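File shown: data21.cif (mmCIF, C-alpha atoms and all ligand atoms).
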```
data_work
#
loop_
_atom_site.label_atom_id
_atom_site.label_comp_id
_atom_site.auth_asym_id
_atom_site.auth_seq_id
_atom_site.Cartn_x
_atom_site.Cartn_y
_atom_site.Cartn_z
CA MET H 259 0.00 0.00 0.00
CA ASN H 260 2.69 2.42 1.00
CA ASP H 261 4.73 1.31 -1.89
CA TRP H 262 1.92 1.99 -4.27
CA LEU H 263 1.28 5.40 -2.75
CA ASN H 264 4.94 6.17 -2.98
CA ARG H 265 5.09 5.32 -6.65
CA ILE H 266 2.16 7.60 -7.44
CA ARG H 267 3.72 10.35 -5.41
CA LYS H 268 6.99 9.92 -7.19
CA GLY H 269 5.29 9.90 -10.60
CA ILE H 270 3.34 13.04 -9.92
CA GLY H 271 6.34 14.55 -8.23
CA LYS H 272 8.37 14.10 -11.40
CA LYS H 273 5.66 15.66 -13.55
CA LEU H 274 5.23 18.53 -11.13
CA ALA H 275 8.95 19.10 -11.01
CA ALA H 276 9.07 19.20 -14.82
CA VAL H 277 6.17 21.66 -14.98
CA HIS H 278 7.85 23.76 -12.35
CA ARG H 279 11.15 23.75 -14.19
CA TRP H 280 9.57 24.80 -17.49
CA ASN H 281 7.55 27.45 -15.78
CA ALA H 282 10.61 28.81 -14.01
CA TRP H 283 12.71 29.04 -17.18
CA MET H 284 9.94 30.69 -19.11
CA ILE H 285 9.33 33.24 -16.38
CA ALA H 286 13.04 33.95 -16.12
CA PHE H 287 13.12 34.67 -19.85
CA LEU H 288 9.97 36.81 -19.69
CA ALA H 289 11.31 38.80 -16.77
CA PHE H 290 14.62 39.35 -18.54
CA SER H 291 13.12 40.36 -21.88
CA GLY H 292 10.33 42.35 -20.22
CA LEU H 293 12.77 44.41 -18.21
CA ILE H 294 15.22 45.17 -20.98
CA LEU H 295 12.61 45.84 -23.70
CA PRO H 296 11.71 49.37 -22.56
CA LEU H 297 15.29 50.33 -21.78
CA GLY H 298 16.40 53.40 -23.70
CA VAL H 299 19.88 52.27 -24.64
CA TRP H 300 18.50 49.02 -26.02
CA ARG H 301 16.13 50.90 -28.27
CA GLU H 302 19.16 52.36 -29.96
CA TRP H 303 21.30 49.29 -29.64
CA LEU H 304 18.99 46.40 -30.36
CA GLY H 305 17.26 48.06 -33.31
CA ALA H 306 15.38 45.35 -35.18
CA GLY H 307 16.43 42.91 -32.49
CA ARG H 308 14.16 44.75 -30.11
CA VAL H 309 11.11 44.03 -32.23
CA TRP H 310 12.13 40.37 -32.41
CA LEU H 311 12.61 40.30 -28.67
CA LYS H 312 9.14 41.72 -28.26
CA TRP H 313 7.69 38.96 -30.41
CA LEU H 314 9.67 36.38 -28.50
CA HIS H 315 8.42 37.84 -25.22
CA THR H 316 4.85 37.59 -26.52
CA GLY H 317 5.38 34.08 -27.86
CA VAL H 318 6.92 32.72 -24.67
CA GLY H 319 4.19 34.49 -22.68
CA LEU H 320 1.52 32.69 -24.71
CA ALA H 321 3.39 29.41 -24.48
CA LEU H 322 3.27 29.72 -20.70
CA LEU H 323 -0.27 28.48 -21.08
CA VAL H 324 1.10 24.97 -21.78
CA PRO H 325 2.78 24.28 -18.42
CA VAL H 326 -0.01 26.10 -16.58
CA LEU H 327 -2.77 24.05 -18.23
CA TYR H 328 -0.76 20.89 -17.69
CA TYR H 329 -0.37 21.86 -14.06
CA LEU H 330 -4.10 22.43 -13.72
CA LEU H 331 -4.60 18.81 -14.82
CA LEU H 332 -2.37 17.71 -11.96
CA ALA H 333 -3.60 20.35 -9.54
CA GLY H 334 -6.09 18.11 -7.73
CA LYS H 335 -3.44 15.56 -6.87
CA HIS H 336 -0.88 18.21 -6.05
CA TRP H 337 -3.38 19.82 -3.72
CA SER H 338 -3.85 16.64 -1.74
CA LEU H 339 -0.08 16.25 -1.49
CA LEU H 340 0.01 19.71 0.05
CA LYS H 341 -2.29 18.72 2.89
CA GLY H 342 -1.06 20.42 6.05
CA ARG H 343 1.22 22.82 4.18
CA PRO H 344 -0.73 26.05 3.97
CA ALA H 345 2.32 28.12 3.03
CA GLN H 346 2.83 26.06 -0.09
CA LYS H 347 -0.84 26.16 -0.94
CA TRP H 348 -0.74 29.93 -0.70
CA ASN H 349 2.30 29.96 -2.89
CA VAL H 350 0.50 28.00 -5.59
CA VAL H 351 -2.51 30.32 -5.50
CA LEU H 352 -0.33 33.40 -5.55
CA VAL H 353 1.84 32.24 -8.43
CA LEU H 354 -1.19 31.18 -10.47
CA GLY H 355 -2.80 34.56 -9.76
CA ILE H 356 0.30 36.45 -10.85
CA LEU H 357 0.58 34.36 -14.01
CA ALA H 358 -3.10 34.96 -14.80
CA GLY H 359 -2.67 38.74 -14.37
CA TRP H 360 0.41 38.81 -16.58
CA PHE H 361 -1.21 36.56 -19.15
CA LEU H 362 -4.52 38.38 -19.49
CA SER H 363 -2.99 41.85 -19.61
CA GLY H 364 -0.36 40.49 -21.99
CA VAL H 365 -3.02 39.22 -24.38
CA VAL H 366 -4.61 42.69 -24.48
CA LEU H 367 -1.22 44.28 -25.18
CA TRP H 368 -0.52 41.71 -27.87
CA GLN H 369 -3.88 42.33 -29.60
CA LEU H 370 -3.79 46.09 -29.07
CA ARG H 371 -5.43 47.00 -32.33
CA PHE H 372 -8.39 44.84 -31.46
CA PHE H 373 -8.78 46.18 -27.93
CA GLY H 374 -7.87 49.83 -28.58
CA PRO H 375 -5.99 52.33 -26.40
CA ALA H 376 -8.46 52.49 -23.49
CA TRP H 377 -7.93 48.78 -22.83
CA THR H 378 -4.22 48.72 -23.52
CA ASN H 379 -3.60 51.60 -21.07
CA VAL H 380 -5.21 49.54 -18.31
CA ALA H 381 -3.46 46.37 -19.47
CA LEU H 382 -0.06 48.05 -19.44
CA THR H 383 -0.62 49.32 -15.91
CA VAL H 384 -1.78 45.87 -14.80
CA HIS H 385 1.21 44.25 -16.51
CA ASP H 386 3.54 46.71 -14.72
CA VAL H 387 1.88 46.35 -11.31
CA PHE H 388 2.00 42.57 -11.53
CA THR H 389 5.67 42.90 -12.38
CA TRP H 390 6.38 45.17 -9.40
CA ILE H 391 4.68 42.68 -7.09
CA GLY H 392 5.14 39.40 -8.90
CA LEU H 393 8.79 39.64 -9.77
CA PRO H 394 10.06 40.31 -6.22
CA TYR H 395 7.78 37.56 -4.96
CA ILE H 396 9.00 35.05 -7.50
CA ILE H 397 12.62 35.96 -6.86
CA TYR H 398 11.98 35.52 -3.15
CA HIS H 399 10.21 32.26 -3.88
CA SER H 400 13.08 30.86 -5.88
CA LEU H 401 15.58 31.83 -3.19
CA ALA H 402 13.47 30.36 -0.41
CA ARG H 403 12.72 27.39 -2.59
CA THR H 404 16.33 26.36 -2.86
CA ARG H 405 16.44 26.12 0.93
CA TRP H 406 13.17 24.20 1.09
CA LEU H 407 14.38 21.95 -1.67
CA LYS H 408 17.34 20.97 0.40
CA GLU H 409 15.09 20.07 3.30
CA SER H 410 12.57 18.15 1.25
CA HIS H 411 15.42 16.49 -0.60
CA ARG H 412 16.65 15.11 2.67
CA ARG H 413 13.18 13.77 3.32
CA THR H 414 12.91 12.20 -0.10
CA VAL H 415 16.21 10.45 0.21
CA ARG H 416 15.06 8.92 3.40
CA THR H 417 11.74 7.70 2.05
CA ASP H 418 13.26 6.44 -1.17
CA SER H 419 15.96 4.34 0.40
CA PRO H 420 15.38 0.58 0.32
CA PRO H 421 11.71 0.01 1.12
CA ALA H 422 12.16 -2.63 3.78
CA ASN H 423 12.89 -0.40 6.72
CA VAL H 424 10.93 2.64 5.70
CA ASP H 425 7.62 3.67 7.08
CA SER H 426 5.18 5.68 5.04
CA PRO H 427 6.39 9.09 3.92
CA ARG H 428 5.55 11.96 6.20
CA SER H 429 4.43 9.55 8.89
CA GLY H 430 7.30 10.93 10.90
CA THR H 431 5.87 13.81 12.85
CA GLU H 432 8.90 16.03 12.51
CA PRO H 433 7.62 19.56 11.97
CA LEU H 434 7.84 20.65 8.34
CA TYR H 435 8.81 24.04 9.57
CA THR H 436 10.99 24.64 12.53
CA ARG H 437 10.15 27.77 14.43
CA ARG H 438 13.32 29.40 13.22
CA ALA H 439 12.80 28.48 9.60
CA PHE H 440 9.28 29.83 9.82
CA LEU H 441 10.47 33.12 11.26
CA ARG H 442 13.14 33.39 8.65
CA SER H 443 10.67 32.89 5.81
CA ALA H 444 8.19 35.28 7.38
CA ILE H 445 10.81 37.99 7.67
CA GLY H 446 12.03 37.32 4.16
CA LEU H 447 8.52 37.47 2.78
CA GLY H 448 7.79 40.63 4.77
CA LEU H 449 10.86 42.37 3.41
CA THR H 450 10.10 41.22 -0.11
CA VAL H 451 6.55 42.51 0.03
CA ALA H 452 7.58 45.77 1.67
CA LEU H 453 10.64 46.64 -0.41
CA GLY H 454 10.32 44.58 -3.58
CA PRO H 455 7.55 46.46 -5.39
CA SER H 456 9.01 49.90 -4.81
CA PHE H 457 12.38 48.66 -6.01
CA VAL H 458 10.99 47.13 -9.20
CA LYS H 459 8.76 50.17 -9.74
CA TRP H 460 11.77 52.42 -9.38
CA LEU H 461 13.71 50.21 -11.77
CA SER H 462 10.97 50.09 -14.37
CA SER H 463 10.16 53.80 -14.25
CA SER H 464 13.80 54.73 -14.57
CA LEU H 465 14.14 52.31 -17.47
CA ASN H 466 11.03 53.72 -19.09
CA SER H 467 11.97 57.28 -18.21
CA GLU H 468 8.41 58.29 -17.70
CA ALA H 469 7.62 61.92 -17.25
CA ASN H 470 4.54 64.00 -16.98
CA VAL H 471 4.28 67.08 -19.09
CA GLU H 472 4.05 69.52 -16.23
CA ALA H 473 7.43 68.48 -14.87
CA LEU H 474 9.04 68.54 -18.31
CA VAL H 475 7.71 71.78 -19.74
CA GLN H 476 9.31 73.58 -16.81
CA LYS H 477 12.71 72.78 -18.28
CA ASP H 478 12.84 73.30 -22.00
CA GLN H 479 16.55 72.82 -22.64
CA ASN H 480 16.51 74.18 -26.15
CA ASP H 481 18.16 77.53 -26.36
CA LEU H 482 16.10 79.24 -29.06
CA VAL H 483 15.16 82.91 -29.09
CA PRO H 484 12.66 84.41 -29.29
CA ALA H 485 10.42 81.99 -27.41
CA PRO H 486 7.18 81.26 -29.27
CA GLN H 487 4.30 83.23 -27.79
CA PRO H 488 1.31 81.03 -26.97
CA ALA H 489 -2.07 81.77 -28.53
CA ALA H 490 -5.07 82.47 -26.31
CA ASP H 491 -6.32 78.88 -26.70
CA SER H 492 -2.93 77.55 -25.77
CA LEU H 493 -2.43 79.22 -22.41
CA PRO H 494 -4.32 78.25 -20.38
CA PRO H 495 -4.59 75.14 -22.58
CA VAL H 496 -8.11 74.63 -23.97
CA GLY H 497 -7.67 70.90 -23.42
CA GLY H 498 -7.22 71.52 -19.71
CA GLY H 499 -3.68 70.13 -19.75
CA SER H 500 -2.23 66.76 -20.73
CA LYS H 501 -3.40 63.74 -18.79
CA GLY H 502 -0.96 60.88 -18.37
CA SER H 503 2.77 60.38 -18.63
CA PHE H 504 4.87 60.35 -21.74
CA ARG H 505 7.53 57.69 -21.92
CA ILE H 506 10.52 59.38 -23.43
CA TYR H 507 11.59 57.47 -26.50
CA THR H 508 14.65 58.14 -28.58
CA VAL H 509 17.05 56.09 -30.65
CA THR H 510 19.88 58.60 -30.22
CA PRO H 511 21.08 60.78 -27.39
CA ILE H 512 18.54 63.61 -26.99
CA PRO H 513 19.60 66.44 -29.32
CA THR H 514 19.28 70.09 -28.30
CA PHE H 515 19.26 73.13 -30.52
CA ASP H 516 19.96 76.82 -30.55
CA ASN H 517 19.51 79.53 -33.19
CA SER H 518 22.82 78.70 -34.84
CA ASN H 519 22.15 75.02 -35.53
CA TRP H 520 18.40 74.94 -36.11
CA SER H 521 16.56 75.30 -39.41
CA PHE H 522 13.47 73.90 -41.03
CA ALA H 523 13.08 72.89 -44.67
CA VAL H 524 10.32 71.73 -47.00
CA ASP H 525 11.88 70.49 -50.22
CA GLY H 526 12.09 67.70 -52.79
CA LEU H 527 9.34 67.54 -55.41
CA VAL H 528 7.94 71.02 -54.79
CA ASP H 529 7.79 74.17 -56.90
CA HIS H 530 8.67 76.36 -53.96
CA ALA H 531 11.33 74.89 -51.70
CA LEU H 532 11.11 76.51 -48.28
CA LYS H 533 13.70 77.08 -45.63
CA TRP H 534 13.41 78.99 -42.38
CA ASN H 535 15.65 79.82 -39.50
CA TRP H 536 14.13 79.96 -36.04
CA GLU H 537 13.39 83.72 -36.05
CA GLU H 538 11.40 83.28 -39.29
CA PHE H 539 9.80 80.02 -38.28
CA VAL H 540 8.23 81.33 -35.04
CA LYS H 541 6.46 84.04 -37.07
CA LEU H 542 4.47 81.53 -39.15
CA PRO H 543 0.76 81.54 -38.25
CA ARG H 544 -0.18 78.71 -35.89
CA THR H 545 -3.38 76.99 -34.84
CA VAL H 546 -4.31 75.09 -31.69
CA GLN H 547 -5.71 71.59 -31.35
CA VAL H 548 -6.42 69.13 -28.58
CA SER H 549 -5.57 65.51 -29.32
CA ASP H 550 -4.63 62.21 -27.73
CA PHE H 551 -1.29 60.47 -28.08
CA HIS H 552 -1.15 56.67 -28.36
CA CYS H 553 2.04 54.64 -28.47
CA VAL H 554 1.91 51.21 -30.04
CA THR H 555 3.42 49.73 -26.86
CA GLY H 556 0.20 50.47 -25.01
CA TRP H 557 0.47 53.81 -23.21
CA SER H 558 -1.41 57.01 -24.00
CA VAL H 559 -1.44 60.66 -23.01
CA TYR H 560 -4.81 62.36 -23.34
CA ASP H 561 -5.95 65.92 -24.06
CA ASN H 562 -2.68 67.41 -25.24
CA THR H 563 -3.08 70.99 -26.36
CA TRP H 564 -0.69 71.37 -29.28
CA GLU H 565 -0.04 74.67 -31.01
CA GLY H 566 1.68 74.67 -34.37
CA ILE H 567 1.42 74.84 -38.12
CA PRO H 568 -0.98 72.46 -39.84
CA LEU H 569 1.04 70.27 -42.19
CA TYR H 570 -1.32 70.83 -45.13
CA ARG H 571 -0.62 74.58 -44.97
CA LEU H 572 3.11 73.98 -45.34
CA LEU H 573 2.45 71.64 -48.27
CA GLU H 574 0.21 74.24 -49.92
CA LYS H 575 2.86 76.89 -49.45
CA ALA H 576 5.53 74.69 -51.01
CA ARG H 577 3.31 73.72 -53.98
CA VAL H 578 3.73 69.99 -54.24
CA GLN H 579 4.47 68.72 -57.74
CA PRO H 580 2.11 66.12 -59.28
CA SER H 581 4.82 63.48 -59.36
CA ALA H 582 5.15 63.42 -55.56
CA THR H 583 3.50 60.49 -53.79
CA THR H 584 5.09 60.45 -50.36
CA VAL H 585 5.90 62.95 -47.63
CA LYS H 586 9.08 62.04 -45.80
CA PHE H 587 9.87 63.44 -42.35
CA TYR H 588 13.41 63.84 -41.00
CA SER H 589 14.41 64.19 -37.40
CA GLY H 590 17.18 66.57 -36.34
CA ASP H 591 18.67 63.58 -34.47
CA GLY H 592 19.99 62.56 -37.90
CA VAL H 593 18.66 59.01 -37.64
CA TYR H 594 14.89 58.81 -37.22
CA THR H 595 12.60 59.23 -40.23
CA ASP H 596 9.06 58.33 -41.13
CA ALA H 597 6.64 58.99 -43.96
CA LEU H 598 2.99 59.44 -44.88
CA THR H 599 1.37 59.07 -48.28
CA LEU H 600 0.58 62.43 -49.83
CA GLU H 601 -3.09 61.62 -49.35
CA GLN H 602 -2.67 60.88 -45.63
CA ALA H 603 -0.61 64.02 -45.25
CA GLN H 604 -3.67 66.12 -46.24
CA MET H 605 -5.44 65.28 -42.96
CA LYS H 606 -6.35 68.56 -41.31
CA ASP H 607 -5.26 67.55 -37.82
CA ILE H 608 -1.64 66.70 -38.63
CA MET H 609 0.46 69.37 -37.00
CA VAL H 610 4.02 70.60 -37.04
CA ALA H 611 3.86 71.42 -33.35
CA VAL H 612 5.82 74.08 -31.51
CA LEU H 613 4.01 74.34 -28.16
CA LEU H 614 2.49 71.81 -25.80
CA ASP H 615 0.03 73.07 -23.20
CA GLY H 616 1.14 76.62 -23.90
CA LYS H 617 4.85 75.99 -23.34
CA PRO H 618 7.71 75.33 -25.78
CA ILE H 619 7.96 71.56 -26.33
CA PRO H 620 10.78 70.28 -24.10
CA SER H 621 13.64 68.54 -25.89
CA GLU H 622 12.76 65.20 -24.25
CA LEU H 623 9.40 65.35 -26.00
CA GLY H 624 10.83 66.33 -29.38
CA GLY H 625 11.06 70.13 -29.11
CA PRO H 626 11.56 72.69 -30.48
CA VAL H 627 9.39 71.22 -33.26
CA ARG H 628 7.78 67.80 -33.54
CA LEU H 629 5.26 66.22 -35.82
CA VAL H 630 1.89 65.21 -34.36
CA VAL H 631 -0.29 62.74 -36.27
CA PRO H 632 -3.28 62.28 -33.96
CA GLN H 633 -4.97 59.46 -35.89
CA MET H 634 -1.98 57.15 -36.03
CA TYR H 635 0.21 55.41 -33.48
CA THR H 636 2.81 57.89 -32.42
CA TYR H 637 5.84 56.30 -34.02
CA LYS H 638 4.65 58.50 -36.92
CA SER H 639 5.03 61.61 -34.74
CA VAL H 640 8.67 62.37 -35.53
CA LYS H 641 10.50 64.25 -32.78
CA TRP H 642 12.97 67.09 -33.48
CA LEU H 643 11.40 67.47 -36.93
CA ASN H 644 13.53 69.69 -39.15
CA ARG H 645 12.90 68.62 -42.72
CA ILE H 646 9.96 67.55 -44.86
CA GLU H 647 10.81 66.10 -48.25
CA LEU H 648 8.38 65.30 -51.04
CA ILE H 649 9.40 62.17 -52.91
CA ALA H 650 8.06 59.91 -55.66
CA ALA H 651 8.91 56.60 -54.00
CA ASP H 652 7.85 54.77 -50.89
CA HIS H 653 9.79 55.40 -47.71
CA ILE H 654 10.02 52.86 -44.88
CA GLY H 655 10.38 54.64 -41.53
CA TYR H 656 12.88 53.86 -38.78
CA TRP H 657 10.70 51.48 -36.78
CA GLU H 658 8.89 50.14 -39.81
CA ALA H 659 12.26 49.00 -41.14
CA ARG H 660 12.64 47.18 -37.81
CA GLY H 661 9.35 45.36 -37.82
CA TYR H 662 6.63 47.85 -36.91
CA ASP H 663 3.50 47.74 -39.01
CA LYS H 664 3.47 50.11 -41.98
CA ASP H 665 -0.18 50.65 -41.18
CA ALA H 666 -0.17 52.93 -38.15
CA TRP H 667 -3.88 53.85 -38.11
CA LEU H 668 -5.49 53.85 -34.70
CA PRO H 669 -8.59 51.69 -34.41
CA GLY H 670 -11.57 53.85 -35.31
CA ALA H 671 -9.50 56.64 -36.88
CA LYS H 672 -11.49 59.19 -38.95
CA ARG H 673 -8.85 59.24 -41.69
CA THR H 674 -9.73 62.67 -43.07
N1 LIG U 701 13.21 61.28 -33.56
C1 LIG U 701 12.42 60.36 -32.95
N2 LIG U 701 11.08 60.48 -33.03
C2 LIG U 701 10.26 59.58 -32.43
C3 LIG U 701 10.79 58.45 -31.76
C4 LIG U 701 12.21 58.34 -31.68
O1 LIG U 701 12.75 57.40 -31.08
N3 LIG U 701 13.00 59.31 -32.29
N4 LIG U 701 9.95 57.52 -31.18
C5 LIG U 701 8.58 57.48 -31.67
C6 LIG U 701 7.70 56.70 -30.81
S1 LIG U 701 7.70 55.02 -30.99
C7 LIG U 701 6.83 57.30 -29.94
S2 LIG U 701 5.72 56.39 -29.04
C8 LIG U 701 6.85 58.75 -29.71
C9 LIG U 701 7.16 58.99 -28.25
O2 LIG U 701 7.16 60.34 -27.99
P1 LIG U 701 7.72 60.89 -26.61
O3 LIG U 701 9.14 60.40 -26.47
O4 LIG U 701 7.59 62.35 -26.69
O5 LIG U 701 6.85 60.27 -25.52
O6 LIG U 701 7.81 59.41 -30.51
C10 LIG U 701 8.00 58.89 -31.81
N5 LIG U 701 8.92 59.75 -32.53
MO MO U 702 5.81 54.22 -29.84
#
```

Spell out the structure here as structure tokens.
Ligand SMILES: Nc1nc2c(c(=O)[nH]1)N[C@H]1C(S)=C(S)[C@@H](COP(=O)(O)O)O[C@H]1N2
Ligand SMILES: [Mo]
Amino acid sequence: MNDWLNRIRKGIGKKLAAVHRWNAWMIAFLAFSGLILPLGVWREWLGAGRVWLKWLHTGVGLALLVPVLYYLLLAGKHWSLLKGRPAQKWNVVLVLGILAGWFLSGVVLWQLRFFGPAWTNVALTVHDVFTWIGLPYIIYHSLARTRWLKESHRRTVRTDSPPANVDSPRSGTEPLYTRRAFLRSAIGLGLTVALGPSFVKWLSSSLNSEANVEALVQKDQNDLVPAPQPAADSLPPVGGGSKGSFRIYTVTPIPTFDNSNWSFAVDGLVDHALKWNWEEFVKLPRTVQVSDFHCVTGWSVYDNTWEGIPLYRLLEKARVQPSATTVKFYSGDGVYTDALTLEQAQMKDIMVAVLLDGKPIPSELGGPVRLVVPQMYTYKSVKWLNRIELIAADHIGYWEARGYDKDAWLPGAKRT
């Protein structure tokens, strides 16, 4: 009887150990890729690799369903093995809960076009919060686990040794937890719960370099004179001020400009090539609009009051030749570019923006001048915009060349 029980236990134990091992490796990979993905330097460094890594992160995240489902098949038996071990039962529930949170929010982020920005904003926050809590817990768990493993290993060896002189496993009434071990784990868990999340939150926000507009517009590091004077609708901003935090994205060090090294050109297939220095450029008539800003990685900033020159006005002024098909945008960082079809570029809400919420756009957010394309994911919104070229061929933008979709339309975009 004992023998038979033992064999079942050993069989399940092996399966459980395999599930656990797979799970652990997959989570280790997800944690690693998830933490380095948003890192600024990697954006520059990894290039196309970053997009691959994102797909791999998504793929492994989906594949996590396999060990979890397999575990759920064994869960009933595992549960009865855990009789009298509430700490381990709690651990199982907690880990499954964390995995479920990561998985569900991950699916929304993966299918962001289907769910739309409102959902992905929530999903990204959930994904982050589960990381701040889940990652420290799982790290704690794996550290504590190695100690427990040693103990349970000792037990197993004893029960597995030649059957003759062994009584049934766990019939020995030795406490599973000594008082000291219990205290140690409790303190460890307490510290993990108290310090872990803030540490991971600090780590992830410094990796993401999040910033709200209010903090940033205070320090516009560009050194351009005269400062653009906000229109009445701009200050106070008609939109009531931006809501949310921008994540500062760049594939180069952040460039800054002054009057001597800044200019703006519209050229290529136009009858009237245009070029301005800053003093001339700030005199161009501007309009004000309120629009939302949606990154394809899931975050948004709402109700931005942008003031600037509508793109179609600049195109009119330059008199686009009939042979032109594409409008190509250059960043003053010397690396980033993107493009719109000439037809898309006619949309009235595309803006060559100079002010945000009534203040000069800070260099972190692409100032002194950035493109704003409200109806598309914001990889189209080129920062440090300094040249617009009309061309007759297609142009594949920086991120599009590295795997982003050429179609950047937001779900439900008006497209006019
Ligand atoms: N020059 C330049 N423009 C850029 C990018 C960039 O890396 N370099 N990133 C794009 C992406 S993917 C997004 S989401 C937005 C981010 O704008 P922010 O850094 O002001 O939040 O800028 C877009 N324009
Ligand atoms: Mo983005």

What are the closest atom pairs, with distances in Å to one decimal, for all residues of chain H lying within 8 Å of ligand MO 702 (chain U)? Consider all atoms listed in the file, order rows by chain and residue number, and present the result as JSON lines.
```
{"residue": "H:Tyr507", "atom": "CA", "partner": "U:MO702", "partner_atom": "MO", "distance": 7.4}
{"residue": "H:His552", "atom": "CA", "partner": "U:MO702", "partner_atom": "MO", "distance": 7.5}
{"residue": "H:Cys553", "atom": "CA", "partner": "U:MO702", "partner_atom": "MO", "distance": 4.0}
{"residue": "H:Val554", "atom": "CA", "partner": "U:MO702", "partner_atom": "MO", "distance": 4.9}
{"residue": "H:Thr555", "atom": "CA", "partner": "U:MO702", "partner_atom": "MO", "distance": 5.9}
{"residue": "H:Tyr635", "atom": "CA", "partner": "U:MO702", "partner_atom": "MO", "distance": 6.8}
{"residue": "H:Thr636", "atom": "CA", "partner": "U:MO702", "partner_atom": "MO", "distance": 5.4}
{"residue": "H:Tyr637", "atom": "CA", "partner": "U:MO702", "partner_atom": "MO", "distance": 4.7}
```

Find the residues of chain H that sit at most 9 Å from ligand LIG 701 (chain U); for each, write down the nearest two atoms and how far apart they are in Å, to one decimal. Count all atoms listed in the file. Sort by chain, then by number going up, and give it as a tab-separated table.
```
residue	atom	partner	partner_atom	distance
H:Arg301	CA	U:LIG701	O1	7.8
H:Glu302	CA	U:LIG701	O1	8.2
H:Glu468	CA	U:LIG701	O5	8.2
H:Ala469	CA	U:LIG701	O5	8.5
H:Ser503	CA	U:LIG701	O5	8.0
H:Phe504	CA	U:LIG701	O5	4.3
H:Arg505	CA	U:LIG701	O5	4.5
H:Ile506	CA	U:LIG701	O3	3.5
H:Tyr507	CA	U:LIG701	O3	3.8
H:Thr508	CA	U:LIG701	O1	3.2
H:Val509	CA	U:LIG701	O1	4.5
H:Thr510	CA	U:LIG701	N3	7.2
H:Ile512	CA	U:LIG701	N1	8.8
H:Phe551	CA	U:LIG701	S2	8.2
H:His552	CA	U:LIG701	S2	6.9
H:Cys553	CA	U:LIG701	S2	4.1
H:Val554	CA	U:LIG701	S2	6.5
H:Thr555	CA	U:LIG701	S2	7.4
H:Trp557	CA	U:LIG701	S2	8.3
H:Ser558	CA	U:LIG701	S2	8.8
H:Val559	CA	U:LIG701	O5	8.7
H:Tyr588	CA	U:LIG701	N1	7.9
H:Ser589	CA	U:LIG701	N1	5.0
H:Gly590	CA	U:LIG701	N1	7.2
H:Asp591	CA	U:LIG701	N1	6.0
H:Gly592	CA	U:LIG701	N1	8.2
H:Val593	CA	U:LIG701	N1	7.2
H:Tyr594	CA	U:LIG701	N1	4.7
H:Thr595	CA	U:LIG701	N1	7.0
H:Asp596	CA	U:LIG701	N2	8.6
H:Pro620	CA	U:LIG701	O4	8.9
H:Ser621	CA	U:LIG701	O4	8.7
H:Glu622	CA	U:LIG701	O4	6.4
H:Leu623	CA	U:LIG701	O4	3.6
H:Gly624	CA	U:LIG701	O4	5.8
H:Gly625	CA	U:LIG701	O4	8.9
H:Arg628	CA	U:LIG701	N2	8.0
H:Leu629	CA	U:LIG701	N5	8.1
H:Tyr635	CA	U:LIG701	S2	7.1
H:Thr636	CA	U:LIG701	S2	4.7
H:Tyr637	CA	U:LIG701	C6	3.7
H:Lys638	CA	U:LIG701	C10	6.1
H:Ser639	CA	U:LIG701	N5	4.8
H:Val640	CA	U:LIG701	N2	4.0
H:Lys641	CA	U:LIG701	N2	3.8
H:Trp642	CA	U:LIG701	N1	5.8
H:Leu643	CA	U:LIG701	N1	7.3
H:Tyr656	CA	U:LIG701	C4	8.4
H:Trp657	CA	U:LIG701	S1	7.4
```

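Minimum atom-to-atom distance to Ser492 (chain H), evaluated using only C-alpha atoms, belongs to H:Val548 out of H:Leu323, H:Leu382, H:Leu569, H:Val548.
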
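For the residues H:Ile391, H:Gly556, H:Met605, H:Ser500, ranking by smallest atom-to-atom distance to Gly374 (chain H) using all atoms listed in the file places H:Gly556 first.
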
So how many Å separate CA of Phe373 (chain H) and CA of Ser291 (chain H), to one decimal? 23.5 Å

Edge lengths and centre in Å to one decimal, as JSON, of the axis-aligned box that encloses all listed atoms of region 577-585 of chain H with 6 Å added on every side?
```
{"center_x": 4.0, "center_y": 67.1, "center_z": -53.5, "size_x": 15.8, "size_y": 25.3, "size_z": 23.7}
```

I need the residue nearest Glu647 (chain H) from this list: H:Gly498, H:Gly526, H:Pro375, H:Pro626. Use only C-alpha atoms for the distance. H:Gly526

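Compared by their closest atoms to Ala289 (chain H), and using all atoms listed in the file, the residues H:Asp615, H:Asp516, H:Asp550, H:Asp386 rank with H:Asp386 nearest.
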
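For Ala659 (chain H), the list of residues within 12 Å, based on only C-alpha atoms and with local chain neighbours fewer than 6 positions off taken out, reads Gly305, Ala306, Gly307, Arg308, Val309, Tyr594, Thr595, Asp596, Ala597 and His653 of chain H.
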
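Considering all atoms listed in the file, the residue among H:Thr584, H:Asn535, H:Thr389, H:Ser338 positioned nearest to Pro455 (chain H) is H:Thr389.
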
Could you list as a PyMOL selection string every residue that has an atom within 12 Å of (11.2, 36.2, -3.5), using the file's coordinates and counting all atoms listed in the file? chain H and resi 349+353+390-404+443-455

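Taking CA of Ala650 (chain H) as the reference point, CA of Val627 (chain H) is found at 25.1 Å.
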
So what do you get for CA of Leu288 (chain H) versus CA of His385 (chain H), distance-wise? 11.9 Å

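With distances taken over all atoms listed in the file, H:Leu600 is the one residue among H:Leu600, H:Ala666, H:Ile608, H:Ala333 lying closest to Asp652 (chain H).
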
Shell of 10 Å around Arg267 (chain H), only C-alpha atoms, local chain residues under 4 positions omitted, as a ChimeraX atom specification: /H:261-263,271-273,335-336,339,427

Please provide as a VMD selection string all residues within 12 Å of Gly334 (chain H), with the sequence filter that same-chain residues fewer than 6 positions apart are discarded (counting all atoms listed in the file). chain H and resid 270 274 328 340 to 341 347
